Each structure stands twice: as C-alpha cells, then as structure tokens.
There are 2 protein chains.
Amino acid sequence: MAIQNLRVLIVGAGAVGSFYGAILHRAGAQVSVVMRSDVEVVKQYGFQFTSPLGDISWHPQVVYTQADALKAPTFDVVILCVKVVPSIDRVALLTPWVSPDTTIMLIQNGIDIEPPIAQAFPRNPLMSALAFIAVSRVAPGQIEHKAYGRLVMGMYGEGKVPTGLVEAFNAGGIDAKATENIQYERWAKCIWNAPFNPVSVLANGADTLQMLDAPQGETTIRAMMAEVMAVAAADGHALPADAADKNIQVTRDMPAYRNSMALDFLAGRELELEAILGNVVALAERYQVATPHLDTLWGILQMRFSPSQI
Amino acid sequence: MAIQNLRVLIVGAGAVGSFYGAILHRAGAQVSVVMRSDVEVVKQYGFQFTSPLGDISWHPQVVYTQADALKAPTFDVVILCVKVVPSIDRVALLTPWVSPDTTIMLIQNGIDIEPPIAQAFPRNPLMSALAFIAVSRVAPGQIEHKAYGRLVMGMYGEGKVPTGLVEAFNAGGIDAKATENIQYERWAKCIWNAPFNPVSVLANGADTLQMLDAPQGETTIRAMMAEVMAVAAADGHALPADAADKNIQVTRDMPAYRNSMALDFLAGRELELEAILGNVVALAERYQVATPHLDTLWGILQMRFSPSQI
C-alpha cells in the first residue's frame, strides 16, 4: 500500500504517541489520534514540537475522543501508545477502533505485555514494538523531543508487518527496524529496566550513579540482572553472556540521570511496575527459575503501592 | 552492694533511658543522667511520666551534660541508652564517665553492637541488654510509657552482672531477667526486626498487616526470616525451627501497627539500619551464608539513604 493511503490511528497520543504520529505524518501517512486530555488544544493547534529532527510539529487528520468511535472510518494500523498500568484497560481502549483487517501495533514497555491484546483480538495481526526515546509533554499539545527515537518492531504470533510501514518510519526520520524476534529485544531492554527502574523508586528517585555507587549498589543491580538473564534464557531468549557487564558499562559511561520511572514516581504518576518487573517475576515462577533479588524488590513494591497503583 | 549505694548514670536519657532510670530510682538506687537536650526542663521538673505502672515520675540526682564529666563522681553502672546510629559516637559518649571499676550496660537494639564498646573498654565489665518496651517522649521531660518494659540482660565476655542489679530492676516494677546467652536473645528479636523494620521503611511506613497482606508480602518476610535464622545458626545461636511461624502468628494476632523504625522514618529521625540489618548481612558474609533477600533489602536501603544516615 502506498504510504499516502495508509490510515493510521494513534491511541493515546501523549509524548510518545504524538512523536511517532509526527514521524508517520512526515512520511506521508494519514494519521489521526485518540486522546483523553488536551483534545481542544490539539484540535486547534496540533502538536508543537521541539526536536533535534527539526520542525516536526503536525496536525492530526482527525482528533478523536473515545466517544467518537462510531463516527470513525476503518484504520489500517492502530498504534497503542498508552502506559501499561492497572488503571488503563488497554483492550477497552482499542476495541472501538479495531476493524477485522486492522493491524494492531503496541509501542509499549515491558515483558509479556502482548497476551491480553492477542487474546482479545485473535484475528488481527499484532505488532509489538519498543521505543528508545527521550520525549516528554511540557504543556498541552507541546512536546519536547530531547533525543533518540529508535523503534524496533516485530510480529507477535502470526501475520506480517504491513508493507511499507518500517520504511515509512525511516522515511519520517527515525531509525526503525523490523525484527524476527521482538521478545529477544524486550529481554535485552528488560535487563536494564527491571532492576534500575523499580530500584530507583524504592531509593526515592535515585539517579543511576547514586544507585551504582552506593555500598553494595552495583552488586545488587548485577544480582538482579543475572536473574533477568536466567529468566530470559528459560523463556528461550538467552542474552549474551556479557549483557550485564555491557549494561553496567554503558550506564557508567553516561552522566548520572534519573530514569523515566524515577521521574514518574517523583511526579506522582502511575508506574509500569507490573510490565517492567512483575511479569518477569511471574515468568520466573512459571519456569521455576529462582529470582530472590527480584522477588524481594517486587515483594516490597507491592507493600509500598496498593495493587491498584501497580 | 545495697541498692541504696548503687550509683547509676544513664547516658542518653531519652524515652528509654529515662524509663529505666525511673525504675532504678524507684528501687532506691542513686540515678543521675547525661542529656544533650531538654537539660534545663529536666533539671527543674524532672521526668514526668504517664505509665500503666502508676506515677513513676522522678528527679535524677544530677542532670549532667557531656561537658560536666570532670565534675562527676565515679559510677558503679553506666547505662548507655542512645540509638545505634552513625551520627552518634558511642565510645566518645561513654569515655568521660567510665572509671576502672564501672560496669557498662548497653540497652540498645541490634546485632553485633557490642564489639566497638568492648574494644574501647577492655577492662570494664560489659553488660548487653534488650528492652521490650513501648515508650516515647511527647514533650521536653514528658514521657509516655504505653506498655511493656521487660529487660533481658547478660554479660558480653568476662565479668558478672553486678550484685542486686537484676533484683533492682524487678523491685522497680518491671520484669527483668539475666541470661547466660544474650546473643541468642538478640537473634530471637532480630528475626522480627531485621525484616519488618527496614521493609516498613522502603514500604513508606507501612504497618504490619499492610506488609503481611500485600501480594507476596508474607512470603517476602518469611524468606528474610529464614535467612536471619541461617545466619543465627552460623553464629552459634540456632533459633527454634518454628521461630518464623511463631513470629508471623504473633504479628497477625496483634492489631496492625507501625513499628518504631517506621515511626522514626515518618518523623524524619535517624534509623538504626546498620544495627538492625547491616550487621546481619555482614555476619552472613563472614560466615558465607547466602542471604539474597536481606542483601537486596540492605542494598536498596544504602541507595535510599546516604551512608551518613545509616
């Protein structure tokens, strides 16, 4: 399908969603959005961006709210960009917008986050994607794209990546690639996220070097990384033997920074604890892999936050 | 020695110290105190108590500050009742008040807290004691004794409990007993404190049932208790096989409550993390006992609090 004819809907056009919408818009696709907040501002002014890519500000073709589904046409690709948190029913969000031929694409963090969507839409092609990006909403309709933007995507189960979609993302200005094994990519990101993100929360928003340089800090993080690797291997996605070393080294080579979950915590926003950590612990239990360090982290987090907040 | 002639000095007459001072005063001993704050109020009004024991308000024989040591007589027993925290140099606090014949008594929480004192005062008899008490300072010189008061004491190393001291505590109205094995008693208390106290801090001041009833909550606490038992056994103080079961059951049988470390944390006070947990982890390393759950807890706490706060 020519990109100009590709009808795309971004469900959850926050910072991440509006960024990838901008990229596909730039590539020539017809891109609409569904939003819960900032609707009137975006209808009037579109999304205003600051970005190292230049001026990527854009107007969606249509700005929908969830109530508008009956008025909407069918879409070729529906991209879900909301956080994976208990307060958001992802299936309910998607249902009104998915037609029999719609490809569903998840641009979301975490491990084992696809099954509820695959079960709810068993006949729709399901794409799973990971974004490597630093982007945030600074005001209604105003987004600051700080750095990066890489997208790795693959099919979850049967089906094929829609023709031209990867190319469209690349044409829009980011580094996008298709992979045969998106779960491997998720584990490769999980080895960093599962320790650093939740630990930063219990450490009251500590930055990367506060965590690594505390007494027993690196040891603690490395013990958790080793457990993630063991679960990944049991899941059929063994990471390279030096994966932990490399992740520690890359983190040490960067200036100290607060990860996104630390920032969410400090801002009082809901945390993706289950997607980032809880699902890893659940898989460990399924595969009978011992993960005492991750179990402790998860156990304390569940005491710290009521289930509805996890 | 007749109790009337026993010269006692309480170093650190906070809630706990002024309580046991009251008990010995009631028994007829000559009890003075060293205080850092509330000095003028206590000099004028003494310690005012509310207590289920009745009116145990009392005036110390002398209220000292640390600067008064040169003026002081010698003491038969110097009782140290300060918290075991990095900001307090216990040896420096004791040094001006300890004569060659002085018995030093520690009424302090934690594991392996005696060695620095034993090394600094190798010729003085050293008593180690555990208090089971709910008491707090509600205003300068005003103490609320809510419940309990039991004291278990024993020698650390050579020497004997001074004649009449246990009897004096009992005569003063509490349940006091001497033990041949105070380290066993410390481990028996540690199995509860080492998990519940620090976990409650990371769980943002959670109470006992919030911790136990969270998903994986009891499992997490029990895993830590099992590790404490393993370290205790390696230290030569094996606890009964059902020690964890009993501790969980007793905790469940009580109404939900916030432990003292949770309260200290919520009030922004310094925490006895090293005495309660860090020393257990250090002993585990010395004895080569694997304690991954406690290691995780300790690792995260050291990221959460700078070393000076632990």
# chains A, B, ... in the order shown; residues from 1 in each chain; ligands from 1
>>> residues_around(residues="range 77-90 of chain A", least_positions_apart="4", cutoff="8 Å", atoms="only C-alpha atoms", output="VMD selection string")
chain A and resid 6 to 14 16 to 17 94 97 to 98 102 to 109 113 117 270 to 275 308 to 310
>>> write_last_selection(atoms="N, CA and C atoms", output="short mmCIF file (atom, residue, chain, number, x, y, z; two decimals), in the first residue's frame")
data_model
loop_
_atom_site.label_atom_id
_atom_site.label_comp_id
_atom_site.auth_asym_id
_atom_site.auth_seq_id
_atom_site.Cartn_x
_atom_site.Cartn_y
_atom_site.Cartn_z
N LEU A 6 -2.08 4.99 3.66
CA LEU A 6 -2.08 4.27 4.94
C LEU A 6 -2.81 5.09 6.00
N ARG A 7 -3.91 4.50 6.50
CA ARG A 7 -4.68 5.20 7.53
C ARG A 7 -4.24 4.70 8.92
N VAL A 8 -3.67 5.60 9.66
CA VAL A 8 -3.09 5.25 10.96
C VAL A 8 -3.86 5.97 12.06
N LEU A 9 -4.11 5.25 13.16
CA LEU A 9 -4.69 5.89 14.34
C LEU A 9 -3.76 5.66 15.53
N ILE A 10 -3.41 6.76 16.19
CA ILE A 10 -2.60 6.66 17.41
C ILE A 10 -3.56 6.69 18.61
N VAL A 11 -3.62 5.61 19.36
CA VAL A 11 -4.49 5.57 20.55
C VAL A 11 -3.61 5.90 21.76
N GLY A 12 -3.88 7.05 22.34
CA GLY A 12 -3.04 7.52 23.43
C GLY A 12 -1.93 8.40 22.89
N ALA A 13 -2.31 9.60 22.46
CA ALA A 13 -1.32 10.48 21.83
C ALA A 13 -0.70 11.39 22.88
N GLY A 14 0.03 10.77 23.80
CA GLY A 14 0.86 11.54 24.72
C GLY A 14 2.16 11.87 24.02
N VAL A 16 4.97 10.06 23.60
CA VAL A 16 5.46 9.01 22.70
C VAL A 16 4.56 8.87 21.48
N GLY A 17 3.26 8.79 21.71
CA GLY A 17 2.33 8.60 20.61
C GLY A 17 2.35 9.74 19.62
N LEU A 94 -8.82 -0.14 22.84
CA LEU A 94 -8.62 -0.49 21.43
C LEU A 94 -9.91 -0.89 20.73
N TRP A 97 -11.93 0.84 17.87
CA TRP A 97 -11.20 1.33 16.70
C TRP A 97 -10.64 0.23 15.82
N VAL A 98 -10.82 -1.01 16.25
CA VAL A 98 -10.20 -2.12 15.53
C VAL A 98 -11.22 -2.79 14.61
N THR A 102 -7.63 -4.54 10.62
CA THR A 102 -6.70 -3.61 11.27
C THR A 102 -5.50 -4.35 11.85
N THR A 103 -4.32 -3.81 11.57
CA THR A 103 -3.12 -4.27 12.28
C THR A 103 -2.99 -3.45 13.56
N ILE A 104 -2.82 -4.18 14.67
CA ILE A 104 -2.61 -3.50 15.96
C ILE A 104 -1.12 -3.45 16.25
N MET A 105 -0.67 -2.29 16.66
CA MET A 105 0.76 -2.14 16.99
C MET A 105 0.86 -1.58 18.40
N LEU A 106 1.66 -2.24 19.22
CA LEU A 106 1.89 -1.76 20.59
C LEU A 106 3.26 -1.11 20.66
N ILE A 107 3.31 0.17 21.00
CA ILE A 107 4.60 0.81 21.31
C ILE A 107 4.58 1.00 22.82
N GLN A 108 5.04 -0.03 23.52
CA GLN A 108 4.91 -0.06 24.97
C GLN A 108 6.09 -0.80 25.57
N ASN A 109 6.41 -0.42 26.78
CA ASN A 109 7.49 -1.06 27.51
C ASN A 109 7.04 -2.34 28.19
N ILE A 113 3.66 -8.34 27.69
CA ILE A 113 2.54 -7.39 27.71
C ILE A 113 1.56 -7.64 26.57
N ILE A 117 -3.83 -8.55 24.72
CA ILE A 117 -4.27 -7.96 23.45
C ILE A 117 -4.47 -9.07 22.41
N GLU A 270 1.42 7.24 37.77
CA GLU A 270 1.30 5.79 37.89
C GLU A 270 2.53 5.11 37.27
N LEU A 271 2.94 4.00 37.87
CA LEU A 271 4.18 3.33 37.46
C LEU A 271 3.89 2.02 36.73
N GLU A 272 4.73 1.71 35.74
CA GLU A 272 4.55 0.47 34.98
C GLU A 272 5.26 -0.69 35.68
N LEU A 273 4.98 -0.88 36.95
CA LEU A 273 5.74 -1.84 37.74
C LEU A 273 5.48 -3.29 37.30
N GLU A 274 4.24 -3.57 36.98
CA GLU A 274 3.92 -4.95 36.60
C GLU A 274 4.58 -5.29 35.25
N ALA A 275 4.46 -4.39 34.28
CA ALA A 275 5.03 -4.65 32.96
C ALA A 275 6.54 -4.77 33.01
N SER A 308 -3.82 -1.39 43.13
CA SER A 308 -4.40 -0.55 42.08
C SER A 308 -3.37 0.42 41.52
N GLN A 309 -2.29 0.66 42.27
CA GLN A 309 -1.28 1.58 41.78
C GLN A 309 -0.18 0.86 41.00
N ILE A 310 -0.16 -0.46 41.10
CA ILE A 310 0.86 -1.23 40.36
C ILE A 310 0.26 -1.65 39.04
#
>>> interface_residues(of="chain B", to="chain A", cutoff="9 Å", atoms="only C-alpha atoms", output="ChimeraX atom specification")
/B:199-200,202-206,210-221,223-224,292-307
>>> atom_distance(atom1="CA of Tyr257 in chain B", atom2="CA of Ala194 in chain B")
16.5 Å
>>> residues_around(residues="Leu165 in chain A", least_positions_apart="5", cutoff="10 Å", atoms="only C-alpha atoms", output="list in words")
Met1, Ala2, Ile3, Leu6, Leu24, Ala27, Ala29, Val77, Asn170, Ala171, Ala176, Lys177 and Ala178 of chain A
>>> residues_around(residues="Trp187 in chain B", least_positions_apart="3", cutoff="9 Å", atoms="only C-alpha atoms", output="list in words")
Gly110, Ile111, Ile182, Gln183, Tyr184, Cys190, Ile191, Trp192, Val228, Met229, Ala232, His237, Ala238 and Leu239 of chain B
>>> residues_around(residues="Gly46 in chain A", least_positions_apart="4", cutoff="10 Å", atoms="only C-alpha atoms", output="JSON, numbers by chain")
{"A": [18, 39, 40, 41, 42, 57, 58, 59, 60, 61, 63, 140, 141, 142]}
>>> write_last_selection(atoms="N, CA, C and O atoms", output="compact mmCIF listing (two decimals), in the first residue's frame")
# COMPACT_ATOMS: atom_id res chain seq x y z
N SER A 18 2.37 10.96 20.12
CA SER A 18 2.36 12.09 19.19
C SER A 18 3.68 12.19 18.44
O SER A 18 3.71 12.67 17.30
N VAL A 39 -7.51 17.68 24.28
CA VAL A 39 -8.19 17.49 22.99
C VAL A 39 -8.41 18.82 22.26
O VAL A 39 -8.07 18.95 21.08
N GLU A 40 -8.95 19.80 22.97
CA GLU A 40 -9.29 21.05 22.28
C GLU A 40 -8.04 21.78 21.80
O GLU A 40 -8.03 22.35 20.71
N VAL A 41 -7.03 21.76 22.63
CA VAL A 41 -5.77 22.42 22.24
C VAL A 41 -5.20 21.78 20.99
O VAL A 41 -4.77 22.47 20.06
N VAL A 42 -5.19 20.46 20.95
CA VAL A 42 -4.59 19.78 19.81
C VAL A 42 -5.46 19.95 18.56
O VAL A 42 -4.95 20.10 17.45
N SER A 57 6.44 19.56 14.13
CA SER A 57 5.08 19.87 14.59
C SER A 57 4.08 19.43 13.51
O SER A 57 4.38 19.46 12.33
N TRP A 58 2.89 19.02 13.93
CA TRP A 58 1.94 18.49 12.95
C TRP A 58 0.51 18.58 13.45
O TRP A 58 0.27 18.73 14.65
N HIS A 59 -0.43 18.53 12.52
CA HIS A 59 -1.85 18.45 12.84
C HIS A 59 -2.37 17.06 12.48
O HIS A 59 -2.24 16.65 11.33
N PRO A 60 -2.95 16.36 13.43
CA PRO A 60 -3.59 15.09 13.08
C PRO A 60 -4.72 15.32 12.07
O PRO A 60 -5.34 16.39 12.05
N GLN A 61 -4.97 14.29 11.27
CA GLN A 61 -6.09 14.39 10.33
C GLN A 61 -7.40 14.60 11.10
O GLN A 61 -8.17 15.49 10.81
N VAL A 63 -8.79 14.55 15.35
CA VAL A 63 -8.52 14.34 16.77
C VAL A 63 -9.80 13.76 17.39
O VAL A 63 -10.82 14.44 17.48
N PRO A 140 0.01 21.35 27.39
CA PRO A 140 -0.98 20.75 26.48
C PRO A 140 -0.58 20.96 25.01
O PRO A 140 -0.38 22.09 24.57
N GLY A 141 -0.42 19.85 24.30
CA GLY A 141 -0.08 19.93 22.88
C GLY A 141 1.36 20.30 22.60
O GLY A 141 1.75 20.40 21.43
N GLN A 142 2.15 20.48 23.64
CA GLN A 142 3.55 20.87 23.43
C GLN A 142 4.49 19.78 23.93
O GLN A 142 4.47 19.43 25.10
>>> residues_around(residues="range 118-135 of chain B", least_positions_apart="2", cutoff="6 Å", atoms="only C-alpha atoms", output="number ranges by chain")
B: 15, 103-107, 115-116, 144-156, 159
>>> atom_distance(atom1="CA of Ser32 in chain A", atom2="CA of Ser51 in chain A")
20.7 Å
>>> closest_residue(among="B:Gln48, B:Thr163, B:Ser37, B:Gln4", to="His25 in chain B", atoms="only C-alpha atoms")
B:Gln4
